[in-house]
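Structure record follows, encoded as structure tokens.
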Amino acid sequence: MSAPLQIGLLGRGTVGGALHELVDARGEEIAAITGRLPEVCGVLRRSEGDIGEILEAADVVVELMGGTDPAREYVLRALRARKHVVSANKQLIAQHGDELFEAARDAGVQLRFEAAVAGVVPVIRVIQESLAATEITKVFGIVNGTTNFILSEMASTGASYGETLARAQELGYAEADPTEDVNGADAAAKMAILARLAFHSPVGLDDVAFEGIEEIQPDDIAYAKELGLSLKLLGVAERVEGGISVRVFPCFLYRGHPLAPVEGPFNAVMVEAPTITEITMSGPGAGGTETATAVLGDIVSIMSGHAPVHEARRRLEIVRDISSSFYLHLEVADRPGVLAQITAVLGRNEVSVRSVVQRGHGDEARLVMVMHEGPERRFQSALEQIAGLDFLRAAPRAIRVIEEEFV
Ligand SMILES: NC(=O)c1ccc[n+]([C@@H]2O[C@H](COP(=O)([O-])OP(=O)(O)OC[C@H]3O[C@@H](n4cnc5c(N)ncnc54)[C@H](OP(=O)(O)O)[C@@H]3O)[C@@H](O)[C@H]2O)c1
């Protein structure tokens, strides 16, 4: 047996603590597979440890601190000292990927980050290794468990966004400060990473347009149920004419879509390519032991020697004007001719209607419409004109719909 593999642990919180336990519990197993026994040689916390001593002693540095400062500096120091690095930190990789990959390349060491996207679901390994020689056309899915839990709960209980967020916090599915999860920024960082790897283009956080779920109303979910739709916060990275589009947005899916039944704090990612049709991977997107399992898998891969390539071949254009289908919720005065005027505005803007649900409430009516797919700018122009109609009782609410139906 060779000398033990020394692991320097930067951060020993939820994931770092679980990893430390797993290394102790599974060490002999890993030694049997790789020929080296993994050992934690030093731990850095706010109150404990010395970064210089840990970098000196470690063969592999595992960054589980979170944030970009001082994580970026420590990871760069580790790479430049020719230490392999494993990180679960999506913001670090999404914001500083170019610099970190270059440092790893220059030093001839590995930088792995499977746990940064979709927890223990092995999406990065599949994109980088299993599908390495495949031209991926689209990667999309549910990459934030907090928002998926909130949307699933709102659909099953009818409770408001605020009430459901409080419940998610009680159950530990949402952090005390949930901003990055609910406004889509967390999912945007993960989609930037997936797009970079799938399309070999240096996609950064600024290239990702994102929207969150804070404005979603329970009746949007209830009405949409009648149309056979369920709501998810989706990340989509795809090749489009002229380049690529990378976005995060709340979105209705038809029953039968592989992502529609994904409920609770789970993640699911689909990959499409002409040679594979599509594959779907799903599982826990967070949790100490689950995330630590993905980190440990990266350590085993490093010990096995194979290095994935992070080469960005060329910068693809980011296309912002794309085609979508929309759900539209309108509260209007209940009088003759209203529906005709709305459809006239949609028609003038070349937006065609797929389905309509109408309900009367005293002298008011609610209209819920789903459009066929078309350029977003046409729908936005129709929406502006509809918002100015005198019979409207509240601001219109629009949510995208994935029109694709799977059988
Ligand atoms: N939790 C999950 O389910 C999950 C899932 C996927 C990815 N991740 C990612 O994994 C990483 C770790 O998450 P976590 O939930 O384990 O975080 P956590 O529980 O807050 O733990 C963070 C650890 O890092 C240490 N730390 C933070 N800033 C430091 C600094 N400036 N100097 C030294 N030590 C510092 C903390 O020290 P103290 O102990 O002294 O406070 C703590 O031990 C993050 O990047 C997160 O996004 C987490």
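Each chain of the structure tokens is named A, B, ... in the order shown, its residues numbered from 1; ligands are numbered from 1 in display order.
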Counting only C-alpha atoms, what are the residues of region 195-220 of chain A within 6 Å of region 229-248 of chain A, and for each of them which pair of atoms is the nearest and at what distance in Å, to one decimal? Sort the table by chain and rising number, as a tab-separated table.
residue	atom	partner	partner_atom	distance
A:Ala195	CA	A:Ala237	CA	5.7
A:Val208	CA	A:Val246	CA	5.1
A:Ala209	CA	A:Arg247	CA	4.8
A:Phe210	CA	A:Val248	CA	4.5
A:Glu211	CA	A:Val248	CA	6.0
Put those residues in a file: C-alpha atoms, as a PDB file, in the first residue's frame.
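Saved as out_9.pdb:
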ATOM      1  CA  ALA A 195     -23.451  25.624 -20.042  1.00  0.00           C
ATOM      2  CA  VAL A 208     -27.357  34.050 -17.480  1.00  0.00           C
ATOM      3  CA  ALA A 209     -30.726  35.846 -17.428  1.00  0.00           C
ATOM      4  CA  PHE A 210     -32.567  34.804 -14.281  1.00  0.00           C
ATOM      5  CA  GLU A 211     -35.929  35.299 -12.603  1.00  0.00           C
TER       6      GLU A 211
END
Distance table requested - chain A against ligand 1, cut-off 8 Å, only C-alpha atoms and all ligand atoms: one row per qualifying residue with the closest atom pair and its distance in Å to one decimal, ordered by chain and rising residue number, as JSON lines.
{"residue": "A:Leu10", "atom": "CA", "partner": "ligand 1", "partner_atom_place_in_ligand_line": "34 (N)", "distance": 6.4}
{"residue": "A:Gly11", "atom": "CA", "partner": "ligand 1", "partner_atom_place_in_ligand_line": "24 (O)", "distance": 3.3}
{"residue": "A:Arg12", "atom": "CA", "partner": "ligand 1", "partner_atom_place_in_ligand_line": "43 (O)", "distance": 3.6}
{"residue": "A:Gly13", "atom": "CA", "partner": "ligand 1", "partner_atom_place_in_ligand_line": "21 (O)", "distance": 3.3}
{"residue": "A:Thr14", "atom": "CA", "partner": "ligand 1", "partner_atom_place_in_ligand_line": "16 (O)", "distance": 3.7}
{"residue": "A:Val15", "atom": "CA", "partner": "ligand 1", "partner_atom_place_in_ligand_line": "16 (O)", "distance": 3.7}
{"residue": "A:Gly16", "atom": "CA", "partner": "ligand 1", "partner_atom_place_in_ligand_line": "16 (O)", "distance": 5.5}
{"residue": "A:Gly17", "atom": "CA", "partner": "ligand 1", "partner_atom_place_in_ligand_line": "16 (O)", "distance": 7.4}
{"residue": "A:Leu44", "atom": "CA", "partner": "ligand 1", "partner_atom_place_in_ligand_line": "34 (N)", "distance": 5.5}
{"residue": "A:Arg45", "atom": "CA", "partner": "ligand 1", "partner_atom_place_in_ligand_line": "34 (N)", "distance": 3.5}
{"residue": "A:Arg46", "atom": "CA", "partner": "ligand 1", "partner_atom_place_in_ligand_line": "40 (O)", "distance": 3.8}
{"residue": "A:Ser47", "atom": "CA", "partner": "ligand 1", "partner_atom_place_in_ligand_line": "40 (O)", "distance": 5.1}
{"residue": "A:Glu48", "atom": "CA", "partner": "ligand 1", "partner_atom_place_in_ligand_line": "40 (O)", "distance": 7.0}
{"residue": "A:Glu63", "atom": "CA", "partner": "ligand 1", "partner_atom_place_in_ligand_line": "11 (C)", "distance": 7.4}
{"residue": "A:Leu64", "atom": "CA", "partner": "ligand 1", "partner_atom_place_in_ligand_line": "12 (C)", "distance": 4.2}
{"residue": "A:Met65", "atom": "CA", "partner": "ligand 1", "partner_atom_place_in_ligand_line": "24 (O)", "distance": 3.4}
{"residue": "A:Gly66", "atom": "CA", "partner": "ligand 1", "partner_atom_place_in_ligand_line": "45 (O)", "distance": 3.3}
{"residue": "A:Gly67", "atom": "CA", "partner": "ligand 1", "partner_atom_place_in_ligand_line": "45 (O)", "distance": 6.3}
{"residue": "A:Asp69", "atom": "CA", "partner": "ligand 1", "partner_atom_place_in_ligand_line": "31 (N)", "distance": 7.0}
{"residue": "A:Pro70", "atom": "CA", "partner": "ligand 1", "partner_atom_place_in_ligand_line": "31 (N)", "distance": 5.8}
{"residue": "A:Ala71", "atom": "CA", "partner": "ligand 1", "partner_atom_place_in_ligand_line": "31 (N)", "distance": 7.5}
{"residue": "A:Ser87", "atom": "CA", "partner": "ligand 1", "partner_atom_place_in_ligand_line": "45 (O)", "distance": 7.3}
{"residue": "A:Ala88", "atom": "CA", "partner": "ligand 1", "partner_atom_place_in_ligand_line": "10 (O)", "distance": 4.6}
{"residue": "A:Asn89", "atom": "CA", "partner": "ligand 1", "partner_atom_place_in_ligand_line": "45 (O)", "distance": 3.5}
{"residue": "A:Lys90", "atom": "CA", "partner": "ligand 1", "partner_atom_place_in_ligand_line": "47 (O)", "distance": 6.2}
{"residue": "A:Gln91", "atom": "CA", "partner": "ligand 1", "partner_atom_place_in_ligand_line": "45 (O)", "distance": 7.4}
{"residue": "A:Leu92", "atom": "CA", "partner": "ligand 1", "partner_atom_place_in_ligand_line": "45 (O)", "distance": 7.8}
{"residue": "A:Ala115", "atom": "CA", "partner": "ligand 1", "partner_atom_place_in_ligand_line": "6 (C)", "distance": 5.7}
{"residue": "A:Ala116", "atom": "CA", "partner": "ligand 1", "partner_atom_place_in_ligand_line": "7 (C)", "distance": 5.2}
{"residue": "A:Val117", "atom": "CA", "partner": "ligand 1", "partner_atom_place_in_ligand_line": "6 (C)", "distance": 7.1}
{"residue": "A:Ala118", "atom": "CA", "partner": "ligand 1", "partner_atom_place_in_ligand_line": "6 (C)", "distance": 7.2}
{"residue": "A:Gly119", "atom": "CA", "partner": "ligand 1", "partner_atom_place_in_ligand_line": "6 (C)", "distance": 5.0}
{"residue": "A:Gly285", "atom": "CA", "partner": "ligand 1", "partner_atom_place_in_ligand_line": "5 (C)", "distance": 6.6}
{"residue": "A:Ala286", "atom": "CA", "partner": "ligand 1", "partner_atom_place_in_ligand_line": "3 (O)", "distance": 3.7}
{"residue": "A:Gly287", "atom": "CA", "partner": "ligand 1", "partner_atom_place_in_ligand_line": "3 (O)", "distance": 3.6}
{"residue": "A:Gly288", "atom": "CA", "partner": "ligand 1", "partner_atom_place_in_ligand_line": "3 (O)", "distance": 5.0}
{"residue": "A:Glu290", "atom": "CA", "partner": "ligand 1", "partner_atom_place_in_ligand_line": "3 (O)", "distance": 7.6}
{"residue": "A:Thr291", "atom": "CA", "partner": "ligand 1", "partner_atom_place_in_ligand_line": "5 (C)", "distance": 5.3}
Using N, CA, C and O atoms, can you write the selected residues to a file as a compact mmCIF listing (two decimals), in the first residue's frame?
# COMPACT_ATOMS: atom_id res chain seq x y z
N LEU A 10 -10.90 22.57 3.97
CA LEU A 10 -11.17 23.99 4.20
C LEU A 10 -12.68 24.14 4.44
O LEU A 10 -13.47 24.09 3.50
N GLY A 11 -13.09 24.22 5.70
CA GLY A 11 -14.51 24.27 6.06
C GLY A 11 -14.95 22.93 6.61
O GLY A 11 -14.74 21.88 5.98
N ARG A 12 -15.49 22.97 7.83
CA ARG A 12 -16.02 21.72 8.42
C ARG A 12 -17.40 22.01 9.00
O ARG A 12 -17.63 21.88 10.20
N GLY A 13 -18.32 22.45 8.12
CA GLY A 13 -19.70 22.70 8.52
C GLY A 13 -20.55 21.51 8.13
O GLY A 13 -20.15 20.36 8.33
N THR A 14 -21.71 21.77 7.53
CA THR A 14 -22.66 20.70 7.16
C THR A 14 -21.99 19.66 6.24
O THR A 14 -22.00 18.47 6.52
N VAL A 15 -21.40 20.14 5.16
CA VAL A 15 -20.82 19.20 4.18
C VAL A 15 -19.43 18.73 4.64
O VAL A 15 -19.12 17.53 4.59
N GLY A 16 -18.63 19.67 5.13
CA GLY A 16 -17.27 19.31 5.58
C GLY A 16 -17.30 18.30 6.71
O GLY A 16 -16.51 17.34 6.73
N GLY A 17 -18.24 18.48 7.66
CA GLY A 17 -18.36 17.55 8.78
C GLY A 17 -18.75 16.17 8.28
O GLY A 17 -18.18 15.14 8.68
N LEU A 44 -9.55 23.61 8.37
CA LEU A 44 -9.59 25.07 8.54
C LEU A 44 -11.02 25.50 8.84
O LEU A 44 -11.94 25.16 8.09
N ARG A 45 -11.19 26.19 9.96
CA ARG A 45 -12.47 26.84 10.26
C ARG A 45 -12.15 28.27 10.64
O ARG A 45 -10.99 28.66 10.70
N ARG A 46 -13.18 29.06 10.95
CA ARG A 46 -12.88 30.44 11.35
C ARG A 46 -12.03 30.46 12.61
O ARG A 46 -11.17 31.30 12.79
N SER A 47 -12.29 29.46 13.48
CA SER A 47 -11.65 29.44 14.79
C SER A 47 -10.50 28.44 14.88
O SER A 47 -9.96 28.22 15.95
N GLU A 48 -10.14 27.80 13.78
CA GLU A 48 -9.23 26.65 13.88
C GLU A 48 -8.42 26.52 12.60
O GLU A 48 -8.94 26.77 11.51
N GLU A 63 -12.35 22.32 -0.69
CA GLU A 63 -12.89 23.63 -0.26
C GLU A 63 -14.39 23.49 -0.02
O GLU A 63 -15.17 23.30 -0.96
N LEU A 64 -14.80 23.59 1.24
CA LEU A 64 -16.22 23.49 1.62
C LEU A 64 -16.57 24.64 2.56
O LEU A 64 -17.25 24.46 3.57
N MET A 65 -16.04 25.84 2.22
CA MET A 65 -16.31 27.02 3.05
C MET A 65 -17.52 27.79 2.53
O MET A 65 -18.28 28.38 3.27
N GLY A 66 -17.66 27.85 1.20
CA GLY A 66 -18.71 28.66 0.57
C GLY A 66 -18.21 30.09 0.37
O GLY A 66 -17.15 30.47 0.87
N GLY A 67 -18.97 30.88 -0.40
CA GLY A 67 -18.58 32.26 -0.71
C GLY A 67 -17.36 32.29 -1.62
O GLY A 67 -16.79 31.24 -1.95
N ASP A 69 -14.79 34.76 -1.13
CA ASP A 69 -13.66 35.38 -0.42
C ASP A 69 -13.63 34.88 1.01
O ASP A 69 -14.61 35.07 1.73
N PRO A 70 -12.64 34.14 1.45
CA PRO A 70 -11.33 33.91 0.83
C PRO A 70 -11.22 32.61 0.02
O PRO A 70 -10.11 32.19 -0.29
N ALA A 71 -12.37 31.97 -0.33
CA ALA A 71 -12.27 30.67 -1.01
C ALA A 71 -11.44 30.77 -2.30
O ALA A 71 -10.62 29.90 -2.59
N SER A 87 -14.11 21.13 -4.90
CA SER A 87 -14.94 22.17 -4.29
C SER A 87 -16.41 21.85 -4.56
O SER A 87 -16.75 21.24 -5.57
N ALA A 88 -17.28 22.29 -3.63
CA ALA A 88 -18.74 22.15 -3.84
C ALA A 88 -19.35 23.53 -4.06
O ALA A 88 -20.56 23.68 -3.96
N ASN A 89 -18.51 24.51 -4.39
CA ASN A 89 -18.89 25.92 -4.31
C ASN A 89 -19.27 26.46 -5.70
O ASN A 89 -18.40 26.86 -6.49
N LYS A 90 -20.60 26.50 -5.99
CA LYS A 90 -21.03 26.91 -7.34
C LYS A 90 -20.67 28.35 -7.65
O LYS A 90 -20.32 28.68 -8.78
N GLN A 91 -20.79 29.25 -6.64
CA GLN A 91 -20.49 30.66 -6.94
C GLN A 91 -19.02 30.82 -7.31
O GLN A 91 -18.67 31.58 -8.21
N LEU A 92 -18.16 30.10 -6.60
CA LEU A 92 -16.72 30.19 -6.88
C LEU A 92 -16.43 29.74 -8.32
O LEU A 92 -15.73 30.44 -9.07
N ALA A 115 -20.12 18.29 -6.79
CA ALA A 115 -21.17 18.65 -5.81
C ALA A 115 -21.68 20.08 -5.98
O ALA A 115 -22.66 20.45 -5.35
N ALA A 116 -21.03 20.87 -6.84
CA ALA A 116 -21.47 22.27 -7.00
C ALA A 116 -22.79 22.37 -7.75
O ALA A 116 -23.47 23.38 -7.67
N VAL A 117 -23.15 21.34 -8.52
CA VAL A 117 -24.42 21.37 -9.28
C VAL A 117 -25.20 20.09 -8.98
O VAL A 117 -24.69 18.99 -9.18
N ALA A 118 -26.42 20.25 -8.47
CA ALA A 118 -27.34 19.13 -8.26
C ALA A 118 -26.83 18.10 -7.25
O ALA A 118 -27.15 16.91 -7.35
N GLY A 119 -26.05 18.55 -6.26
CA GLY A 119 -25.63 17.69 -5.14
C GLY A 119 -25.00 16.39 -5.59
O GLY A 119 -24.00 16.38 -6.30
N GLY A 285 -30.53 17.11 -4.27
CA GLY A 285 -29.65 18.19 -4.72
C GLY A 285 -28.87 18.82 -3.59
O GLY A 285 -28.07 19.72 -3.82
N ALA A 286 -29.11 18.39 -2.36
CA ALA A 286 -28.41 18.99 -1.22
C ALA A 286 -28.42 17.99 -0.07
O ALA A 286 -28.79 16.83 -0.25
N GLY A 287 -27.99 18.46 1.10
CA GLY A 287 -27.90 17.58 2.27
C GLY A 287 -26.43 17.28 2.55
O GLY A 287 -25.65 17.07 1.61
N GLY A 288 -26.06 17.28 3.83
CA GLY A 288 -24.65 17.10 4.20
C GLY A 288 -24.05 15.82 3.65
O GLY A 288 -23.07 15.83 2.89
N GLU A 290 -25.26 13.60 1.48
CA GLU A 290 -25.41 13.44 0.03
C GLU A 290 -24.34 14.25 -0.71
O GLU A 290 -23.66 13.73 -1.61
N THR A 291 -24.19 15.50 -0.32
CA THR A 291 -23.21 16.36 -0.99
C THR A 291 -21.79 15.84 -0.73
O THR A 291 -20.95 15.81 -1.64
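By chain and then residue number, the residues within 10 Å of Gly172 (chain A) are A:Thr146, A:Ala166, A:Arg167, A:Gly287, counting only C-alpha atoms and disregarding those fewer than 5 positions away in sequence.
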Contact check, region 260-309 of chain A to region 18-28 of chain A, at most 12 Å, counting only C-alpha atoms, closest pairs as JSON lines:
{"residue": "A:Gly287", "atom": "CA", "partner": "A:Ala18", "partner_atom": "CA", "distance": 9.4}
{"residue": "A:Gly288", "atom": "CA", "partner": "A:Ala18", "partner_atom": "CA", "distance": 5.6}
{"residue": "A:Thr289", "atom": "CA", "partner": "A:Ala18", "partner_atom": "CA", "distance": 5.2}
{"residue": "A:Glu290", "atom": "CA", "partner": "A:Ala18", "partner_atom": "CA", "distance": 8.7}
{"residue": "A:Thr291", "atom": "CA", "partner": "A:Leu19", "partner_atom": "CA", "distance": 8.4}
{"residue": "A:Ala292", "atom": "CA", "partner": "A:Leu19", "partner_atom": "CA", "distance": 4.8}
{"residue": "A:Thr293", "atom": "CA", "partner": "A:Leu19", "partner_atom": "CA", "distance": 7.2}
{"residue": "A:Ala294", "atom": "CA", "partner": "A:Leu19", "partner_atom": "CA", "distance": 9.5}
{"residue": "A:Val295", "atom": "CA", "partner": "A:Leu19", "partner_atom": "CA", "distance": 7.5}
{"residue": "A:Leu296", "atom": "CA", "partner": "A:Leu19", "partner_atom": "CA", "distance": 7.1}
{"residue": "A:Gly297", "atom": "CA", "partner": "A:Leu19", "partner_atom": "CA", "distance": 10.7}
{"residue": "A:Asp298", "atom": "CA", "partner": "A:Leu19", "partner_atom": "CA", "distance": 11.8}
{"residue": "A:Ile299", "atom": "CA", "partner": "A:Val23", "partner_atom": "CA", "distance": 10.1}
{"residue": "A:Val300", "atom": "CA", "partner": "A:Gly27", "partner_atom": "CA", "distance": 10.5}
Store the residues picked out above, limited to N, CA, C and O atoms, as a short mmCIF file (atom, residue, chain, number, x, y, z; two decimals), in the first residue's frame.
data_model
loop_
_atom_site.label_atom_id
_atom_site.label_comp_id
_atom_site.auth_asym_id
_atom_site.auth_seq_id
_atom_site.Cartn_x
_atom_site.Cartn_y
_atom_site.Cartn_z
N GLY A 287 -27.99 18.46 1.10
CA GLY A 287 -27.90 17.58 2.27
C GLY A 287 -26.43 17.28 2.55
O GLY A 287 -25.65 17.07 1.61
N GLY A 288 -26.06 17.28 3.83
CA GLY A 288 -24.65 17.10 4.20
C GLY A 288 -24.05 15.82 3.65
O GLY A 288 -23.07 15.83 2.89
N THR A 289 -24.66 14.66 3.99
CA THR A 289 -24.07 13.38 3.60
C THR A 289 -24.14 13.18 2.09
O THR A 289 -23.19 12.68 1.48
N GLU A 290 -25.26 13.60 1.48
CA GLU A 290 -25.41 13.44 0.03
C GLU A 290 -24.34 14.25 -0.71
O GLU A 290 -23.66 13.73 -1.61
N THR A 291 -24.19 15.50 -0.32
CA THR A 291 -23.21 16.36 -0.99
C THR A 291 -21.79 15.84 -0.73
O THR A 291 -20.95 15.81 -1.64
N ALA A 292 -21.54 15.41 0.50
CA ALA A 292 -20.21 14.89 0.84
C ALA A 292 -19.90 13.63 0.04
O ALA A 292 -18.73 13.36 -0.30
N THR A 293 -20.94 12.85 -0.27
CA THR A 293 -20.73 11.64 -1.09
C THR A 293 -20.20 12.02 -2.47
O THR A 293 -19.30 11.36 -3.02
N ALA A 294 -20.76 13.10 -3.05
CA ALA A 294 -20.28 13.56 -4.36
C ALA A 294 -18.85 14.07 -4.25
O ALA A 294 -18.02 13.83 -5.14
N VAL A 295 -18.53 14.76 -3.15
CA VAL A 295 -17.16 15.26 -2.95
C VAL A 295 -16.18 14.08 -2.84
O VAL A 295 -15.11 14.07 -3.45
N LEU A 296 -16.60 13.06 -2.09
CA LEU A 296 -15.73 11.90 -1.93
C LEU A 296 -15.52 11.19 -3.27
O LEU A 296 -14.41 10.71 -3.57
N GLY A 297 -16.58 11.16 -4.10
CA GLY A 297 -16.44 10.57 -5.45
C GLY A 297 -15.38 11.30 -6.25
O GLY A 297 -14.59 10.69 -6.98
N ASP A 298 -15.34 12.64 -6.13
CA ASP A 298 -14.31 13.43 -6.83
C ASP A 298 -12.92 13.08 -6.30
O ASP A 298 -11.95 13.00 -7.07
N ILE A 299 -12.81 12.87 -5.00
CA ILE A 299 -11.49 12.52 -4.42
C ILE A 299 -11.04 11.17 -4.98
O ILE A 299 -9.89 11.00 -5.39
N VAL A 300 -11.97 10.21 -5.05
CA VAL A 300 -11.62 8.88 -5.60
C VAL A 300 -11.21 9.02 -7.07
O VAL A 300 -10.23 8.40 -7.51
#
Item to check | Between CA of Lys225 (chain A) and CA of Asn148 (chain A), distance in Å (one decimal) | outcome: 16.2 Å
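Assigned to strand (DSSP E) in region 99-193 of chain A, given DSSP computed from backbone atoms, are A:Leu111, A:Arg112, A:Lys138, A:Val139, A:Phe140, A:Gly141, A:Ile142.
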Saved selection, atoms kept: C-alpha atoms, as a compact mmCIF listing (two decimals), in the first residue's frame:
# COMPACT_ATOMS: atom_id res chain seq x y z
CA LEU A 111 -10.00 20.80 -10.14
CA ARG A 112 -13.23 18.84 -9.58
CA LYS A 138 -29.54 21.34 -24.44
CA VAL A 139 -29.09 20.91 -20.70
CA PHE A 140 -32.03 21.84 -18.53
CA GLY A 141 -33.73 21.00 -15.31
CA ILE A 142 -34.53 21.69 -11.69
Next on the checklist: I'd like the neighbourhood of region 372-378 of chain A as a list in words, where a residue qualifies if any of its atoms comes within 9 Å (using only C-alpha atoms), though same-chain residues fewer than 5 positions away should be ignored.
Outcome noted: Asp321, Ile322, Ser323, Ser324, Ser325, Phe326, Leu346, Asn349, Glu350, Val351, Ser352, Val353, Arg354, Ser355, Leu383, Val401, Ile402 and Glu403 of chain A
Selected residues written out with C-alpha atoms, as an mmCIF file, in the first residue's frame:
data_model
loop_
_atom_site.group_PDB
_atom_site.id
_atom_site.type_symbol
_atom_site.label_atom_id
_atom_site.label_comp_id
_atom_site.auth_asym_id
_atom_site.auth_seq_id
_atom_site.Cartn_x
_atom_site.Cartn_y
_atom_site.Cartn_z
ATOM 1 C CA ASP A 321 -34.312 37.143 -27.878
ATOM 2 C CA ILE A 322 -35.686 33.647 -27.959
ATOM 3 C CA SER A 323 -39.027 31.907 -28.473
ATOM 4 C CA SER A 324 -41.302 30.924 -25.578
ATOM 5 C CA SER A 325 -44.854 30.001 -24.819
ATOM 6 C CA PHE A 326 -46.634 31.955 -22.042
ATOM 7 C CA LEU A 346 -52.735 39.187 -29.187
ATOM 8 C CA ASN A 349 -48.886 40.983 -32.243
ATOM 9 C CA GLU A 350 -49.003 37.564 -33.925
ATOM 10 C CA VAL A 351 -49.432 35.717 -30.614
ATOM 11 C CA SER A 352 -51.761 32.733 -30.953
ATOM 12 C CA VAL A 353 -53.827 31.312 -28.094
ATOM 13 C CA ARG A 354 -53.691 27.616 -27.242
ATOM 14 C CA SER A 355 -56.247 27.414 -24.384
ATOM 15 C CA LEU A 383 -48.575 42.314 -22.740
ATOM 16 C CA VAL A 401 -44.742 27.413 -20.392
ATOM 17 C CA ILE A 402 -42.709 24.606 -21.933
ATOM 18 C CA GLU A 403 -45.014 23.538 -24.722
#
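Proximity to Gln358 (chain A) was assessed for A:Ala78, A:Glu39, A:Glu114, A:Leu328 counting only C-alpha atoms; the smallest distance is recorded for A:Leu328.
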Item to check | Long-range neighbours of Pro274 (chain A) as JSON, numbers by chain, 8 Å cut-off, only C-alpha atoms, 4 positions minimum in chain | outcome: {"A": [135, 136, 137]}
What would the file look like if the residues just selected were written as a tab-separated table (two decimals), in the first residue's frame with all heavy atoms?
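Saved to part-v6.tsv:
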chain	number	residue	atom	x	y	z
A	135	GLU	N	-22.12	16.06	-29.19
A	135	GLU	CA	-22.49	17.48	-29.30
A	135	GLU	C	-23.80	17.70	-28.57
A	135	GLU	O	-24.90	17.42	-29.07
A	135	GLU	CB	-22.61	17.93	-30.75
A	135	GLU	CG	-22.95	19.40	-30.76
A	135	GLU	CD	-22.89	20.06	-32.11
A	135	GLU	OE1	-23.61	19.63	-33.03
A	135	GLU	OE2	-22.13	21.05	-32.24
A	136	ILE	N	-23.69	18.20	-27.34
A	136	ILE	CA	-24.88	18.43	-26.51
A	136	ILE	C	-25.62	19.66	-27.05
A	136	ILE	O	-25.00	20.69	-27.32
A	136	ILE	CB	-24.46	18.62	-25.04
A	136	ILE	CG1	-23.89	17.30	-24.50
A	136	ILE	CG2	-25.62	19.10	-24.18
A	136	ILE	CD1	-23.25	17.39	-23.14
A	137	THR	N	-26.95	19.53	-27.19
A	137	THR	CA	-27.72	20.66	-27.71
A	137	THR	C	-28.46	21.41	-26.60
A	137	THR	O	-28.75	22.59	-26.73
A	137	THR	CB	-28.75	20.19	-28.76
A	137	THR	OG1	-29.41	19.02	-28.25
A	137	THR	CG2	-28.07	19.84	-30.07
Item to check | Residue contacts of Thr134 (chain A) (12 Å, only C-alpha atoms) excluding same-chain residues fewer than 6 positions away, as number ranges by chain | outcome: A: 126-128, 197-200, 271-278
Selected residues written out, C-alpha atoms, as a compact mmCIF listing (two decimals), in the first residue's frame:
# COMPACT_ATOMS: atom_id res chain seq x y z
CA VAL A 126 -21.95 12.62 -17.25
CA ILE A 127 -21.50 15.83 -19.30
CA GLN A 128 -17.71 15.88 -19.06
CA LEU A 197 -19.07 22.37 -19.73
CA ALA A 198 -21.76 21.34 -22.24
CA PHE A 199 -20.87 23.92 -24.91
CA HIS A 200 -17.11 24.41 -24.22
CA VAL A 271 -29.41 16.41 -21.36
CA GLU A 272 -30.30 16.34 -25.05
CA ALA A 273 -28.10 15.53 -28.04
CA PRO A 274 -28.91 14.11 -31.46
CA THR A 275 -27.01 10.91 -30.75
CA ILE A 276 -28.59 10.17 -27.36
CA THR A 277 -32.13 11.65 -27.76
CA GLU A 278 -32.31 12.60 -24.08
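By chain and then residue number, the residues within 10 Å of Asp106 (chain A) are Leu79, Arg80, Arg82, Leu100, Phe101, Glu102, Ala103 and Val109 of chain A, counting only C-alpha atoms and disregarding those fewer than 3 positions away in sequence.
In this comparison, which uses only C-alpha atoms, the residue of A:Asp334, A:Ala312, A:Pro178, A:Ala168 approaching Met154 (chain A) most closely is A:Ala168.
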Next on the checklist: I need the residues of region 90-213 of chain A that end up classed as alpha helix (DSSP H) by DSSP on the backbone, written out as an MDAnalysis selection string.
Outcome noted: chainID A and resid 90:107 123:125 145:157 161:170 179:182 185:199
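The space between CA of Asp98 (chain A) and CA of Pro202 (chain A) spans 7.1 Å.
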Checklist outcome for this item: The distance between CA of Ala189 (chain A) and CA of Phe249 (chain A) is 13.2 Å
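The nearest approach to Met371 (chain A) among the residues A:Pro258, A:Thr179, A:Phe252, A:Thr280, with only C-alpha atoms taken into account, belongs to A:Phe252.
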